[in-house]
$ cat upload_9.pdb   # PDB, C-alpha atoms and all ligand atoms
ATOM      1  CA  MET A1441     104.280 171.867  36.536  1.00  0.00           C
ATOM      2  CA  GLU A1442     100.598 171.175  35.964  1.00  0.00           C
ATOM      3  CA  THR A1443     100.905 168.694  33.134  1.00  0.00           C
ATOM      4  CA  VAL A1444     103.716 166.860  31.462  1.00  0.00           C
ATOM      5  CA  LYS A1445     105.676 168.608  28.709  1.00  0.00           C
ATOM      6  CA  PHE A1446     105.260 165.911  26.062  1.00  0.00           C
ATOM      7  CA  THR A1447     102.553 165.090  23.553  1.00  0.00           C
ATOM      8  CA  GLN A1448     104.000 161.701  22.676  1.00  0.00           C
ATOM      9  CA  MET A1449     105.107 159.330  25.416  1.00  0.00           C
ATOM     10  CA  LYS A1450     108.472 158.717  23.766  1.00  0.00           C
ATOM     11  CA  ASP A1451     109.390 162.397  24.279  1.00  0.00           C
ATOM     12  CA  GLY A1452     108.849 162.346  28.067  1.00  0.00           C
ATOM     13  CA  ASP A1453     111.790 162.810  30.423  1.00  0.00           C
ATOM     14  CA  ARG A1454     112.507 161.767  34.006  1.00  0.00           C
ATOM     15  CA  GLU A1455     110.769 164.845  35.408  1.00  0.00           C
ATOM     16  CA  ASP A1456     107.603 164.124  33.396  1.00  0.00           C
ATOM     17  CA  TYR A1457     107.416 160.544  34.568  1.00  0.00           C
ATOM     18  CA  ALA A1458     108.176 161.386  38.202  1.00  0.00           C
ATOM     19  CA  PHE A1459     105.297 163.872  38.014  1.00  0.00           C
ATOM     20  CA  LEU A1460     102.984 161.226  36.532  1.00  0.00           C
ATOM     21  CA  THR A1461     103.935 158.646  39.142  1.00  0.00           C
ATOM     22  CA  GLU A1462     102.905 161.073  41.862  1.00  0.00           C
ATOM     23  CA  HIS A1463      99.536 161.542  40.176  1.00  0.00           C
ATOM     24  CA  GLU A1464      99.049 157.806  39.786  1.00  0.00           C
ATOM     25  CA  ILE A1465      99.734 157.180  43.452  1.00  0.00           C
ATOM     26  CA  GLU A1466      97.240 159.845  44.438  1.00  0.00           C
ATOM     27  CA  TYR A1467      94.611 158.455  42.036  1.00  0.00           C
ATOM     28  CA  ALA A1468      95.180 154.852  43.104  1.00  0.00           C
ATOM     29  CA  ALA A1469      94.539 155.865  46.713  1.00  0.00           C
ATOM     30  CA  GLY A1470      90.937 156.578  45.692  1.00  0.00           C
ATOM     31  CA  THR A1471      90.302 153.055  44.344  1.00  0.00           C
ATOM     32  CA  ALA A1472      88.282 151.832  47.307  1.00  0.00           C
ATOM     33  CA  HIS A1473      86.117 154.919  47.184  1.00  0.00           C
ATOM     34  CA  ARG A1474      85.432 154.452  43.457  1.00  0.00           C
ATOM     35  CA  LEU A1475      84.653 150.763  43.913  1.00  0.00           C
ATOM     36  CA  LEU A1476      82.174 151.517  46.664  1.00  0.00           C
ATOM     37  CA  ALA A1477      80.480 154.060  44.388  1.00  0.00           C
ATOM     38  CA  ALA A1478      80.381 151.430  41.628  1.00  0.00           C
ATOM     39  CA  MET A1479      78.681 149.009  44.012  1.00  0.00           C
ATOM     40  CA  VAL A1480      75.861 151.518  44.384  1.00  0.00           C
ATOM     41  CA  ASP A1481      75.536 151.480  40.571  1.00  0.00           C
ATOM     42  CA  LEU A1482      75.018 147.723  40.748  1.00  0.00           C
ATOM     43  CA  ASP A1483      71.746 148.533  42.453  1.00  0.00           C
ATOM     44  CA  LYS A1484      70.446 149.962  39.188  1.00  0.00           C
ATOM     45  CA  SER A1485      71.623 147.112  37.000  1.00  0.00           C
ATOM     46  CA  LEU A1486      69.184 144.984  35.072  1.00  0.00           C
ATOM     47  CA  SER A1487      68.400 141.855  36.968  1.00  0.00           C
ATOM     48  CA  GLY A1488      65.049 140.074  37.003  1.00  0.00           C
ATOM     49  CA  TYR A1489      66.109 138.313  40.188  1.00  0.00           C
ATOM     50  CA  LYS A1490      64.200 138.960  43.409  1.00  0.00           C
ATOM     51  CA  VAL A1491      67.148 141.049  44.598  1.00  0.00           C
ATOM     52  CA  THR A1492      69.326 143.665  42.861  1.00  0.00           C
ATOM     53  CA  ARG A1493      72.953 142.919  42.071  1.00  0.00           C
ATOM     54  CA  LEU A1494      73.926 145.109  45.012  1.00  0.00           C
ATOM     55  CA  GLY A1495      71.471 143.224  47.223  1.00  0.00           C
ATOM     56  CA  HIS A1496      72.983 139.941  46.034  1.00  0.00           C
ATOM     57  CA  SER A1497      76.520 141.180  46.682  1.00  0.00           C
ATOM     58  CA  LEU A1498      75.688 142.410  50.178  1.00  0.00           C
ATOM     59  CA  GLN A1499      74.000 139.112  50.933  1.00  0.00           C
ATOM     60  CA  ALA A1500      77.049 137.143  49.792  1.00  0.00           C
ATOM     61  CA  ALA A1501      79.354 139.363  51.857  1.00  0.00           C
ATOM     62  CA  THR A1502      77.088 139.129  54.910  1.00  0.00           C
ATOM     63  CA  ARG A1503      77.082 135.330  54.693  1.00  0.00           C
ATOM     64  CA  ALA A1504      80.879 135.421  54.511  1.00  0.00           C
ATOM     65  CA  TRP A1505      81.042 137.769  57.500  1.00  0.00           C
ATOM     66  CA  ASN A1506      78.639 135.630  59.523  1.00  0.00           C
ATOM     67  CA  ALA A1507      80.683 132.527  58.721  1.00  0.00           C
ATOM     68  CA  GLY A1508      83.683 134.156  60.393  1.00  0.00           C
ATOM     69  CA  ALA A1509      85.527 134.479  57.071  1.00  0.00           C
ATOM     70  CA  ASP A1510      88.581 136.727  56.983  1.00  0.00           C
ATOM     71  CA  THR A1511      88.780 140.163  55.323  1.00  0.00           C
ATOM     72  CA  ASP A1512      90.036 138.803  51.988  1.00  0.00           C
ATOM     73  CA  TRP A1513      87.067 136.484  51.737  1.00  0.00           C
ATOM     74  CA  VAL A1514      84.487 139.040  52.822  1.00  0.00           C
ATOM     75  CA  VAL A1515      85.717 141.678  50.365  1.00  0.00           C
ATOM     76  CA  SER A1516      85.936 139.085  47.603  1.00  0.00           C
ATOM     77  CA  ALA A1517      82.367 138.029  48.268  1.00  0.00           C
ATOM     78  CA  LEU A1518      81.265 141.668  48.195  1.00  0.00           C
ATOM     79  CA  LEU A1519      83.017 142.466  44.905  1.00  0.00           C
ATOM     80  CA  HIS A1520      82.647 139.126  43.067  1.00  0.00           C
ATOM     81  CA  ASP A1521      79.997 140.452  40.669  1.00  0.00           C
ATOM     82  CA  ILE A1522      81.288 144.009  40.242  1.00  0.00           C
ATOM     83  CA  GLY A1523      82.339 143.092  36.695  1.00  0.00           C
ATOM     84  CA  ASP A1524      78.658 142.979  35.708  1.00  0.00           C
ATOM     85  CA  ILE A1525      78.773 146.743  35.108  1.00  0.00           C
ATOM     86  CA  TYR A1526      81.215 146.757  32.209  1.00  0.00           C
ATOM     87  CA  ALA A1527      81.876 143.112  31.377  1.00  0.00           C
ATOM     88  CA  PRO A1528      78.642 141.124  31.382  1.00  0.00           C
ATOM     89  CA  TYR A1529      80.250 138.285  29.383  1.00  0.00           C
ATOM     90  CA  ASN A1530      83.336 137.849  31.561  1.00  0.00           C
ATOM     91  CA  HIS A1531      82.315 139.579  34.775  1.00  0.00           C
ATOM     92  CA  ASP A1532      84.202 137.010  36.834  1.00  0.00           C
ATOM     93  CA  GLU A1533      87.559 137.721  35.168  1.00  0.00           C
ATOM     94  CA  TYR A1534      86.938 141.463  35.411  1.00  0.00           C
ATOM     95  CA  ALA A1535      86.250 141.321  39.146  1.00  0.00           C
ATOM     96  CA  ALA A1536      89.274 139.077  39.694  1.00  0.00           C
ATOM     97  CA  ALA A1537      91.498 141.565  37.854  1.00  0.00           C
ATOM     98  CA  ILE A1538      90.353 144.325  40.216  1.00  0.00           C
ATOM     99  CA  ILE A1539      91.051 142.428  43.425  1.00  0.00           C
ATOM    100  CA  ARG A1540      94.076 140.315  42.375  1.00  0.00           C
ATOM    101  CA  PRO A1541      96.860 142.770  43.453  1.00  0.00           C
ATOM    102  CA  PHE A1542      95.330 143.170  46.924  1.00  0.00           C
ATOM    103  CA  VAL A1543      94.005 139.793  48.113  1.00  0.00           C
ATOM    104  CA  ARG A1544      95.177 136.232  48.547  1.00  0.00           C
ATOM    105  CA  GLU A1545      95.782 134.336  45.295  1.00  0.00           C
ATOM    106  CA  GLN A1546      93.172 131.857  46.543  1.00  0.00           C
ATOM    107  CA  CYS A1547      90.408 134.500  46.631  1.00  0.00           C
ATOM    108  CA  ALA A1548      91.313 136.020  43.250  1.00  0.00           C
ATOM    109  CA  TRP A1549      91.220 132.562  41.666  1.00  0.00           C
ATOM    110  CA  VAL A1550      87.861 131.745  43.194  1.00  0.00           C
ATOM    111  CA  VAL A1551      86.362 135.033  41.987  1.00  0.00           C
ATOM    112  CA  GLU A1552      87.837 134.507  38.523  1.00  0.00           C
ATOM    113  CA  LYS A1553      86.338 131.039  38.174  1.00  0.00           C
ATOM    114  CA  HIS A1554      83.039 131.485  40.012  1.00  0.00           C
ATOM    115  CA  GLY A1555      81.108 132.001  36.765  1.00  0.00           C
ATOM    116  CA  ASP A1556      82.065 128.566  35.479  1.00  0.00           C
ATOM    117  CA  PHE A1557      81.433 126.945  38.854  1.00  0.00           C
ATOM    118  CA  GLN A1558      77.997 128.565  39.124  1.00  0.00           C
ATOM    119  CA  LEU A1559      76.899 126.727  35.954  1.00  0.00           C
ATOM    120  CA  LEU A1560      76.418 123.644  38.109  1.00  0.00           C
ATOM    121  CA  TYR A1561      73.205 125.235  39.384  1.00  0.00           C
ATOM    122  CA  TYR A1562      71.597 126.348  36.116  1.00  0.00           C
ATOM    123  CA  GLY A1563      73.675 125.253  33.119  1.00  0.00           C
ATOM    124  CA  GLU A1564      71.170 122.557  32.172  1.00  0.00           C
ATOM    125  CA  HIS A1565      68.427 125.187  31.825  1.00  0.00           C
ATOM    126  CA  VAL A1566      70.346 127.408  29.441  1.00  0.00           C
ATOM    127  CA  GLY A1567      72.097 124.887  27.206  1.00  0.00           C
ATOM    128  CA  ALA A1568      75.465 125.244  28.958  1.00  0.00           C
ATOM    129  CA  ASN A1569      77.640 122.554  30.499  1.00  0.00           C
ATOM    130  CA  PRO A1570      76.838 122.340  34.231  1.00  0.00           C
ATOM    131  CA  ASN A1571      80.123 120.521  34.785  1.00  0.00           C
ATOM    132  CA  LYS A1572      82.379 123.120  33.219  1.00  0.00           C
ATOM    133  CA  ARG A1573      84.142 123.342  36.581  1.00  0.00           C
ATOM    134  CA  GLU A1574      85.564 119.854  36.047  1.00  0.00           C
ATOM    135  CA  ALA A1575      88.255 121.406  33.844  1.00  0.00           C
ATOM    136  CA  PHE A1576      89.718 122.816  37.090  1.00  0.00           C
ATOM    137  CA  ARG A1577      89.372 119.675  39.212  1.00  0.00           C
ATOM    138  CA  ASP A1578      93.121 119.480  39.844  1.00  0.00           C
ATOM    139  CA  ASN A1579      93.477 123.087  40.948  1.00  0.00           C
ATOM    140  CA  PRO A1580      94.295 123.429  44.676  1.00  0.00           C
ATOM    141  CA  TYR A1581      91.493 125.986  45.056  1.00  0.00           C
ATOM    142  CA  PHE A1582      88.794 123.839  43.390  1.00  0.00           C
ATOM    143  CA  GLU A1583      86.994 122.984  46.632  1.00  0.00           C
ATOM    144  CA  ASP A1584      87.194 126.601  47.837  1.00  0.00           C
ATOM    145  CA  CYS A1585      85.424 127.820  44.714  1.00  0.00           C
ATOM    146  CA  ALA A1586      82.817 125.071  45.001  1.00  0.00           C
ATOM    147  CA  GLU A1587      82.169 126.102  48.609  1.00  0.00           C
ATOM    148  CA  PHE A1588      82.122 129.818  47.768  1.00  0.00           C
ATOM    149  CA  CYS A1589      79.435 129.221  45.132  1.00  0.00           C
ATOM    150  CA  GLU A1590      77.352 126.830  47.223  1.00  0.00           C
ATOM    151  CA  ARG A1591      77.350 128.836  50.440  1.00  0.00           C
ATOM    152  CA  TRP A1592      77.652 132.474  49.393  1.00  0.00           C
ATOM    153  CA  ASP A1593      76.848 132.938  45.705  1.00  0.00           C
ATOM    154  CA  GLN A1594      74.042 130.678  44.472  1.00  0.00           C
ATOM    155  CA  SER A1595      72.258 131.047  47.835  1.00  0.00           C
ATOM    156  CA  SER A1596      72.216 134.862  47.906  1.00  0.00           C
ATOM    157  CA  PHE A1597      69.098 135.769  45.939  1.00  0.00           C
ATOM    158  CA  ASP A1598      66.704 135.847  48.876  1.00  0.00           C
ATOM    159  CA  PRO A1599      64.742 139.105  49.295  1.00  0.00           C
ATOM    160  CA  ASP A1600      63.958 138.193  52.921  1.00  0.00           C
ATOM    161  CA  TYR A1601      67.584 137.795  53.972  1.00  0.00           C
ATOM    162  CA  SER A1602      68.737 140.534  56.288  1.00  0.00           C
ATOM    163  CA  ALA A1603      72.047 141.696  54.844  1.00  0.00           C
ATOM    164  CA  LEU A1604      74.471 144.186  56.360  1.00  0.00           C
ATOM    165  CA  PRO A1605      74.647 147.561  54.557  1.00  0.00           C
ATOM    166  CA  LEU A1606      77.414 148.690  52.224  1.00  0.00           C
ATOM    167  CA  THR A1607      78.632 151.185  54.855  1.00  0.00           C
ATOM    168  CA  PHE A1608      79.379 148.241  57.134  1.00  0.00           C
ATOM    169  CA  PHE A1609      81.782 146.754  54.578  1.00  0.00           C
ATOM    170  CA  ALA A1610      83.351 150.060  53.493  1.00  0.00           C
ATOM    171  CA  PRO A1611      86.222 149.980  56.044  1.00  0.00           C
ATOM    172  CA  LEU A1612      87.123 146.443  54.927  1.00  0.00           C
ATOM    173  CA  VAL A1613      87.236 147.550  51.288  1.00  0.00           C
ATOM    174  CA  GLU A1614      89.365 150.556  52.287  1.00  0.00           C
ATOM    175  CA  GLU A1615      91.741 148.298  54.187  1.00  0.00           C
ATOM    176  CA  VAL A1616      92.193 145.853  51.306  1.00  0.00           C
ATOM    177  CA  PHE A1617      92.810 148.504  48.655  1.00  0.00           C
ATOM    178  CA  SER A1618      95.263 150.417  50.829  1.00  0.00           C
ATOM    179  CA  ARG A1619      97.574 147.385  50.854  1.00  0.00           C
ATOM    180  CA  LYS A1620     100.776 147.376  48.830  1.00  0.00           C
ATOM    181  CA  SER A1621      99.908 145.886  45.434  1.00  0.00           C
ATOM    182  CA  TYR A1622     101.160 142.373  44.696  1.00  0.00           C
ATOM    183  CA  ASP A1623     102.805 142.135  48.104  1.00  0.00           C
ATOM    184  CA  PRO A1624     103.734 138.442  48.489  1.00  0.00           C
ATOM    185  CA  ALA A1625     102.711 138.711  52.152  1.00  0.00           C
ATOM    186  CA  VAL A1626      99.198 139.511  50.903  1.00  0.00           C
ATOM    187  CA  THR A1627      98.886 137.330  47.797  1.00  0.00           C
ATOM    188  CA  ARG A1628     100.307 134.353  49.722  1.00  0.00           C
ATOM    189  CA  ALA A1629     100.607 132.035  46.751  1.00  0.00           C
ATOM    190  CA  GLY A1630      99.327 128.540  47.437  1.00  0.00           C
ATOM    191  CA  VAL A1631      97.901 129.322  50.884  1.00  0.00           C
ATOM    192  CA  ARG A1632      94.366 128.093  51.523  1.00  0.00           C
ATOM    193  CA  VAL A1633      92.402 129.812  54.268  1.00  0.00           C
ATOM    194  CA  PRO A1634      89.061 128.189  55.146  1.00  0.00           C
ATOM    195  CA  LEU A1635      85.889 130.067  54.217  1.00  0.00           C
ATOM    196  CA  SER A1636      84.587 129.822  57.744  1.00  0.00           C
ATOM    197  CA  ASP A1637      85.939 130.149  61.231  1.00  0.00           C
ATOM    198  CA  GLN A1638      83.583 129.164  64.020  1.00  0.00           C
ATOM    199  CA  ARG A1639      85.308 131.105  66.778  1.00  0.00           C
ATOM    200  CA  THR A1640      85.264 134.349  64.776  1.00  0.00           C
ATOM    201  CA  ALA A1641      81.678 133.650  63.720  1.00  0.00           C
ATOM    202  CA  ALA A1642      80.672 133.277  67.374  1.00  0.00           C
ATOM    203  CA  ILE A1643      82.353 136.556  68.320  1.00  0.00           C
ATOM    204  CA  ARG A1644      80.714 138.376  65.413  1.00  0.00           C
ATOM    205  CA  SER A1645      77.287 137.081  66.311  1.00  0.00           C
ATOM    206  CA  GLY A1646      77.838 138.032  69.949  1.00  0.00           C
ATOM    207  CA  LYS A1647      77.493 134.450  71.206  1.00  0.00           C
TER     208      LYS A1647
HETATM  209 FE    FE B1701      78.800 136.115  39.211  1.00  0.00          FE
HETATM  210 FE    FE B1702      77.051 136.269  42.297  1.00  0.00          FE
END

$ encode --input "upload_9.pdb" --output "structure tokens"
Amino acid sequence: METVKFTQMKDGDREDYAFLTEHEIEYAAGTAHRLLAAMVDLDKSLSGYKVTRLGHSLQAATRAWNAGADTDWVVSALLHDIGDIYAPYNHDEYAAAIIRPFVREQCAWVVEKHGDFQLLYYGEHVGANPNKREAFRDNPYFEDCAEFCERWDQSSFDPDYSALPLTFFAPLVEEVFSRKSYDPAVTRAGVRVPLSDQRTAAIRSGK
């Protein structure tokens, strides 16, 4: 069997769908690889900033790494702007949709809302409400998103910052996307993990 027998989904049988499931599993296993290739495309995206979108993403991820943040945070920082490629008007939601099955609920929420939180830094210059984040004040992850934006996002447009390369983060991306999707042990609803960990940061910096 090289393809299914049907031309309309309603005509498929158990054998067809078992065959398709196998294909889907095989294709899904390549997600990390495709995302890493997409990150390279971010390097070509239109910017106007002093750094490319890839440069910005690597800088955000490097700051997360240096802070001793865990894998979920580092990968979320790396991929938070990946939605820019296909969804420039809701890039935050797009990126969150990609990572949501494989990271903590906390990180997916922060990535989803970071666009609104970022307005604090420039909303007044573009006729947008800088305090749009206030709509989420009661959310348990509000402070995490505020910290994510302050420390890793709005700060990561510095061409002189020495960021780690994409190859450094590749194994972390592979690890995250090889997890079982929507595993409650991964999504950990309601759990808040701090963005930094001094002991891990010290080990990573070799001090
Ligand atoms: Fe963004
Ligand atoms: Fe960003």

$ resolve_selection --input "upload_9.pdb" --expression "the PyMOL selection byres (((chain A and resi 1637) around 12) and not hetatm)" --output "PyMOL selection string"
chain A and resi 1504-1511+1513+1633-1636+1638-1644

$ closest_residue --input "upload_9.pdb" --among "A:His1496, A:Arg1540, A:Arg1628, A:Arg1474" --to "ligand FE 1702 (chain B)" --atoms "all atoms listed in the file"
A:His1496

$ closest_residue --input "upload_9.pdb" --among "A:Gln1546, A:Gln1448, A:Ser1602, A:Gln1558" --to "ligand FE 1702 (chain B)" --atoms "only C-alpha atoms and all ligand atoms"
A:Gln1558

$ residues_around --input "upload_9.pdb" --residues "segment 1610-1625 of chain A" --least-positions-apart "3" --cutoff "6 Å" --atoms "all atoms listed in the file" --output "list of chain:residue names"
A:Ala1472, A:Pro1541, A:Phe1542, A:Thr1607, A:Arg1628

$ residues_near_ligand --input "upload_9.pdb" --ligand "ligand FE 1702 (chain B)" --cutoff "7 Å" --atoms "all atoms listed in the file" --output "CSV table (one decimal) with C-alpha atoms, keeping the file's coordinate frame"
chain,number,residue,atom,x,y,z
A,1496,HIS,CA,73.0,139.9,46.0
A,1497,SER,CA,76.5,141.2,46.7
A,1520,HIS,CA,82.6,139.1,43.1
A,1521,ASP,CA,80.0,140.5,40.7
A,1593,ASP,CA,76.8,132.9,45.7
A,1594,GLN,CA,74.0,130.7,44.5

$ closest_residue --input "upload_9.pdb" --among "A:Glu1590, A:Asp1578, A:Asp1532, A:Glu1564" --to "ligand FE 1701 (chain B)" --atoms "all atoms listed in the file"
A:Asp1532

$ closest_atom_pairs --input "upload_9.pdb" --of "chain A" --to "ligand FE 1701 (chain B)" --cutoff "10 Å" --atoms "only C-alpha atoms and all ligand atoms" --output "CSV"
residue,atom,partner,partner_atom,distance
A:Arg1493,CA,B:FE1701,FE,9.4
A:His1496,CA,B:FE1701,FE,9.7
A:Ser1497,CA,B:FE1701,FE,9.3
A:Ala1517,CA,B:FE1701,FE,9.9
A:Leu1519,CA,B:FE1701,FE,9.5
A:His1520,CA,B:FE1701,FE,6.2
A:Asp1521,CA,B:FE1701,FE,4.7
A:Ile1522,CA,B:FE1701,FE,8.3
A:Gly1523,CA,B:FE1701,FE,8.2
A:Asp1524,CA,B:FE1701,FE,7.7
A:Pro1528,CA,B:FE1701,FE,9.3
A:Asn1530,CA,B:FE1701,FE,9.1
A:His1531,CA,B:FE1701,FE,6.6
A:Asp1532,CA,B:FE1701,FE,6.0
A:Glu1533,CA,B:FE1701,FE,9.8
A:Ala1535,CA,B:FE1701,FE,9.1
A:Val1551,CA,B:FE1701,FE,8.1
A:Glu1552,CA,B:FE1701,FE,9.2
A:Lys1553,CA,B:FE1701,FE,9.1
A:His1554,CA,B:FE1701,FE,6.3
A:Gly1555,CA,B:FE1701,FE,5.3
A:Asp1556,CA,B:FE1701,FE,9.0
A:Phe1557,CA,B:FE1701,FE,9.5
A:Gln1558,CA,B:FE1701,FE,7.6
A:Cys1589,CA,B:FE1701,FE,9.1
A:Asp1593,CA,B:FE1701,FE,7.5
A:Gln1594,CA,B:FE1701,FE,8.9

$ axis_aligned_box --input "upload_9.pdb" --around "segment 1623-1628 of chain A" --padding-each-side "6 Å" --output "JSON"
{"center_x": 101.3, "center_y": 138.2, "center_z": 50.0, "size_x": 16.8, "size_y": 19.8, "size_z": 16.4}

$ atom_distance --input "upload_9.pdb" --atom1 "atom CA of Phe1459 of chain A" --atom2 "atom CA of Lys1445 of chain A"
10.4 Å

$ closest_residue --input "upload_9.pdb" --among "A:Met1449, A:Leu1559, A:Leu1475, A:Val1626" --to "Ile1538 of chain A" --atoms "only C-alpha atoms"
A:Leu1475

$ residues_near_point --input "upload_9.pdb" --point "(86.9, 131.5, 45.5)" --cutoff "6 Å" --atoms "all atoms listed in the file" --output "list in words"
Cys1547, Trp1549, Val1550, Val1551, Asp1584, Cys1585 and Phe1588 of chain A

$ atom_distance --input "upload_9.pdb" --atom1 "atom CA of Gly1488 of chain A" --atom2 "atom CA of Ser1516 of chain A"
23.4 Å

$ atom_distance --input "upload_9.pdb" --atom1 "atom CA of Leu1518 of chain A" --atom2 "atom CA of Tyr1534 of chain A"
14.0 Å

$ closest_residue --input "upload_9.pdb" --among "A:Gly1563, A:Gly1646, A:Pro1605, A:Pro1570" --to "Ala1500 of chain A" --atoms "only C-alpha atoms"
A:Pro1605

$ resolve_selection --input "upload_9.pdb" --expression "the PyMOL selection byres (((chain A and resi 1490) around 12) and not hetatm)" --output "list in words"
Leu1486, Ser1487, Gly1488, Tyr1489, Val1491, Thr1492, Arg1493, Leu1494, Gly1495, His1496, Ser1596, Phe1597, Asp1598, Pro1599, Asp1600 and Tyr1601 of chain A

$ closest_residue --input "upload_9.pdb" --among "A:Tyr1562, A:His1463, A:Val1631, A:Leu1604" --to "Gln1499 of chain A" --atoms "only C-alpha atoms"
A:Leu1604

$ decode --input "upload_9.pdb" --residues "segment 1589-1612 of chain A" --atoms "N, CA and C atoms" --output "JSON list (two decimals), in the first residue's frame"
[["chain", "number", "residue", "atom", "x", "y", "z"],
["A", 1589, "CYS", "N", 9.19, 39.30, 29.00],
["A", 1589, "CYS", "CA", 9.32, 40.44, 28.07],
["A", 1589, "CYS", "C", 10.43, 41.39, 28.51],
["A", 1590, "GLU", "N", 10.46, 41.69, 29.80],
["A", 1590, "GLU", "CA", 11.46, 42.64, 30.30],
["A", 1590, "GLU", "C", 12.88, 42.11, 30.14],
["A", 1591, "ARG", "N", 13.07, 40.85, 30.53],
["A", 1591, "ARG", "CA", 14.45, 40.32, 30.59],
["A", 1591, "ARG", "C", 14.94, 39.73, 29.29],
["A", 1592, "TRP", "N", 14.04, 39.07, 28.53],
["A", 1592, "TRP", "CA", 14.50, 38.29, 27.38],
["A", 1592, "TRP", "C", 14.03, 38.82, 26.03],
["A", 1593, "ASP", "N", 12.86, 39.48, 26.00],
["A", 1593, "ASP", "CA", 12.33, 39.88, 24.69],
["A", 1593, "ASP", "C", 12.71, 41.32, 24.34],
["A", 1594, "GLN", "N", 12.19, 42.30, 25.09],
["A", 1594, "GLN", "CA", 12.44, 43.69, 24.71],
["A", 1594, "GLN", "C", 13.92, 44.05, 24.74],
["A", 1595, "SER", "N", 14.72, 43.28, 25.49],
["A", 1595, "SER", "CA", 16.14, 43.58, 25.68],
["A", 1595, "SER", "C", 17.01, 42.98, 24.58],
["A", 1596, "SER", "N", 16.45, 42.13, 23.73],
["A", 1596, "SER", "CA", 17.28, 41.31, 22.84],
["A", 1596, "SER", "C", 17.37, 41.83, 21.40],
["A", 1597, "PHE", "N", 17.73, 43.11, 21.29],
["A", 1597, "PHE", "CA", 17.91, 43.70, 19.96],
["A", 1597, "PHE", "C", 19.29, 44.34, 19.86],
["A", 1598, "ASP", "N", 20.24, 43.77, 20.57],
["A", 1598, "ASP", "CA", 21.57, 44.36, 20.70],
["A", 1598, "ASP", "C", 22.57, 43.65, 19.77],
["A", 1599, "PRO", "N", 23.06, 44.34, 18.74],
["A", 1599, "PRO", "CA", 23.97, 43.68, 17.79],
["A", 1599, "PRO", "C", 25.31, 43.29, 18.42],
["A", 1600, "ASP", "N", 25.63, 43.85, 19.59],
["A", 1600, "ASP", "CA", 26.91, 43.53, 20.23],
["A", 1600, "ASP", "C", 26.81, 42.39, 21.24],
["A", 1601, "TYR", "N", 25.60, 41.88, 21.43],
["A", 1601, "TYR", "CA", 25.43, 40.79, 22.39],
["A", 1601, "TYR", "C", 25.97, 39.50, 21.78],
["A", 1602, "SER", "N", 26.70, 38.74, 22.59],
["A", 1602, "SER", "CA", 27.26, 37.51, 22.03],
["A", 1602, "SER", "C", 26.32, 36.33, 22.34],
["A", 1603, "ALA", "N", 25.53, 35.98, 21.35],
["A", 1603, "ALA", "CA", 24.52, 34.93, 21.52],
["A", 1603, "ALA", "C", 25.09, 33.57, 21.12],
["A", 1604, "LEU", "N", 24.55, 32.53, 21.73],
["A", 1604, "LEU", "CA", 24.92, 31.16, 21.35],
["A", 1604, "LEU", "C", 24.29, 30.84, 19.99],
["A", 1605, "PRO", "N", 24.93, 29.95, 19.21],
["A", 1605, "PRO", "CA", 24.40, 29.64, 17.87],
["A", 1605, "PRO", "C", 23.20, 28.70, 17.91],
["A", 1606, "LEU", "N", 22.50, 28.65, 16.80],
["A", 1606, "LEU", "CA", 21.32, 27.78, 16.70],
["A", 1606, "LEU", "C", 21.67, 26.32, 16.96],
["A", 1607, "THR", "N", 22.85, 25.89, 16.52],
["A", 1607, "THR", "CA", 23.27, 24.50, 16.72],
["A", 1607, "THR", "C", 23.34, 24.16, 18.22],
["A", 1608, "PHE", "N", 23.66, 25.16, 19.03],
["A", 1608, "PHE", "CA", 23.72, 24.92, 20.47],
["A", 1608, "PHE", "C", 22.34, 24.53, 21.01],
["A", 1609, "PHE", "N", 21.29, 25.20, 20.49],
["A", 1609, "PHE", "CA", 19.94, 24.97, 21.00],
["A", 1609, "PHE", "C", 19.23, 23.79, 20.35],
["A", 1610, "ALA", "N", 19.79, 23.30, 19.23],
["A", 1610, "ALA", "CA", 19.12, 22.24, 18.47],
["A", 1610, "ALA", "C", 18.76, 21.02, 19.32],
["A", 1611, "PRO", "N", 19.67, 20.50, 20.15],
["A", 1611, "PRO", "CA", 19.31, 19.32, 20.97],
["A", 1611, "PRO", "C", 18.15, 19.60, 21.93],
["A", 1612, "LEU", "N", 18.05, 20.84, 22.41],
["A", 1612, "LEU", "CA", 16.94, 21.18, 23.32],
["A", 1612, "LEU", "C", 15.62, 21.17, 22.55]]
